[in-house]
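Undergrad: Take a look at this one; I'll ask things after.
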Amino acid sequence: MSSKGPSTFQKCTMEFLSSFIIVFTIQNTAPKTYGAFAVAVSFFIGVFLAAKVSGAHLNPAVTFMVYLNDKERNPHSTQIINYIPYVASQILGALLGALLSDILGGATLSPVIKNMSLTNAFFAEAFFTFFLCVGVSVIADPHSGMDPAMCGLVVCTLIFITAVSIGPYTSGVVNPAIGIALVVAGDVVKGIEDFSVLPLYILAPLAGAYGAHLLYIKIIRPGMQQETTAE
């Protein structure tokens, strides 16, 4: 007997819940000395919760890369419309986490660029998103043989490295859903109407994700296929 996989509603629910947890944690802990560690752990928990249901994208840039990878593997059966609910769920979950945090007494953060030009900030966000997506693509590859939940350890580590490396300069967003949520929350709660950085927090992660897709298609996937064939 064949069993059906999780429904779109179930997948989107887990993407929503995990994104909520992550941004709620960011708003309440990021300004503190242990913020980078707490945020990294929140990603681990989010991936752990969603991995078996939705694949734990938790990031529109990751969803974009997954779409491109799936399109390469199955060009005729992969439709972009199937990935849009993931992105919508991520953004809505992140928005709720950012806004609810203020109601419950948390901080309302707005991502900012400090001591760095916009060009350098763009490349920094794209660079660290690239490595995040590369890690996800390796574990998600059908030939890897890895448990998807293992992705939590990879993501947790990469998010921690991102936070301590570029957090002081670009806020280390590397996630369009988080960027949108923090900018909108800052506007709603604090009246900060600075949307000028929003394109950077959307386009830079997508650029990094596309670079990770190219690396996956050209090097990672062929290498894993050859290793599986050799075995």
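Here's how to read the names in the structure tokens: chain A, B, ... by the order shown, residue numbers from 1 in each chain, ligand numbers from 1 in the order shown.
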I'd like the contact shell of Tyr67 of chain A - 8 Å cut-off, only C-alpha atoms, skipping same-chain residues fewer than 6 positions apart - returned as a list in words.
TA: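 After dropping sequence-adjacent residues, the list is Thr78, Ile80 and Tyr83 of chain A.
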Undergrad: What are the nearest atom pairs, with distances in Å to one decimal, for all residues of segment 108-199 of chain A that come at most 10 Å from segment 38-49 of chain A, using only C-alpha atoms, set out by chain and rising residue number as a Markdown table?
TA:
```
| residue | atom | partner | partner_atom | distance |
| --- | --- | --- | --- | --- |
| A:Pro148 | CA | A:Phe48 | CA | 8.6 |
| A:Ala149 | CA | A:Phe48 | CA | 5.5 |
| A:Met150 | CA | A:Phe48 | CA | 8.2 |
| A:Cys151 | CA | A:Val47 | CA | 7.0 |
| A:Gly152 | CA | A:Phe44 | CA | 4.5 |
| A:Leu153 | CA | A:Phe44 | CA | 6.3 |
| A:Val154 | CA | A:Phe44 | CA | 8.5 |
| A:Val155 | CA | A:Phe44 | CA | 6.7 |
| A:Cys156 | CA | A:Ala40 | CA | 4.7 |
| A:Thr157 | CA | A:Ala40 | CA | 6.9 |
| A:Leu158 | CA | A:Ala40 | CA | 8.1 |
| A:Ile159 | CA | A:Ala40 | CA | 5.5 |
| A:Phe160 | CA | A:Ala40 | CA | 5.2 |
| A:Ile161 | CA | A:Ala40 | CA | 8.9 |
| A:Thr162 | CA | A:Ala40 | CA | 9.4 |
| A:Ala163 | CA | A:Ala40 | CA | 8.3 |
```
Undergrad: Can you tell me, as a VMD selection string, what residues are no more than 12 Å from Val134 of chain A when counting only C-alpha atoms, ignoring any on the same chain fewer than 6 positions away?
TA: chain A and resid 61 to 62 65 to 66 69 127 to 128 140 to 141 151 154 to 155 158 208 to 217 219 to 221
Undergrad: Could you turn the residues from that selection into a file that holds C-alpha atoms, as an mmCIF file, in the first residue's frame?
TA:
```cif
data_model
loop_
_atom_site.group_PDB
_atom_site.id
_atom_site.type_symbol
_atom_site.label_atom_id
_atom_site.label_comp_id
_atom_site.auth_asym_id
_atom_site.auth_seq_id
_atom_site.Cartn_x
_atom_site.Cartn_y
_atom_site.Cartn_z
ATOM 1 C CA ALA A 61 15.955 31.832 -0.732
ATOM 2 C CA VAL A 62 16.168 28.141 0.177
ATOM 3 C CA MET A 65 17.083 27.073 -4.665
ATOM 4 C CA VAL A 66 15.008 23.929 -4.062
ATOM 5 C CA ASN A 69 17.194 22.083 -8.200
ATOM 6 C CA PHE A 127 27.940 35.117 0.282
ATOM 7 C CA PHE A 128 26.616 33.724 3.560
ATOM 8 C CA ALA A 140 18.675 17.339 0.660
ATOM 9 C CA ASP A 141 20.223 15.561 -2.313
ATOM 10 C CA CYS A 151 20.115 19.675 8.297
ATOM 11 C CA VAL A 154 24.242 22.350 9.555
ATOM 12 C CA VAL A 155 21.826 25.290 9.506
ATOM 13 C CA LEU A 158 25.981 28.283 9.580
ATOM 14 C CA GLY A 208 23.306 33.578 -3.078
ATOM 15 C CA ALA A 209 20.711 30.843 -3.526
ATOM 16 C CA TYR A 210 21.144 30.930 -7.302
ATOM 17 C CA GLY A 211 24.907 30.578 -6.899
ATOM 18 C CA ALA A 212 24.358 27.573 -4.626
ATOM 19 C CA HIS A 213 22.057 26.063 -7.251
ATOM 20 C CA LEU A 214 24.755 26.376 -9.911
ATOM 21 C CA LEU A 215 27.326 24.727 -7.637
ATOM 22 C CA TYR A 216 24.866 21.939 -6.860
ATOM 23 C CA ILE A 217 24.059 21.248 -10.503
ATOM 24 C CA ILE A 219 29.592 19.830 -8.979
ATOM 25 C CA ILE A 220 27.667 18.505 -5.974
ATOM 26 C CA ARG A 221 24.983 16.481 -7.730
#
```
Undergrad: Which residues are near Lys114 of chain A? Cut-off 12 Å, only C-alpha atoms, ignore same chain within fewer than 5 positions. Put them as a list in words.
TA: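 After dropping sequence-adjacent residues, the list is Asn120, Ala121, Ile166, Gly167, Pro168, Tyr169, Thr170, Ser171, Gly172 and Val197 of chain A.
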Undergrad: Looking at only C-alpha atoms, which of A:Asn74, A:Ser144, A:Ser89, A:Gln27 is the one that sits closest to Ser110 of chain A?
TA: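 Answer, going by the shortest atom-to-atom distance: A:Gln27.
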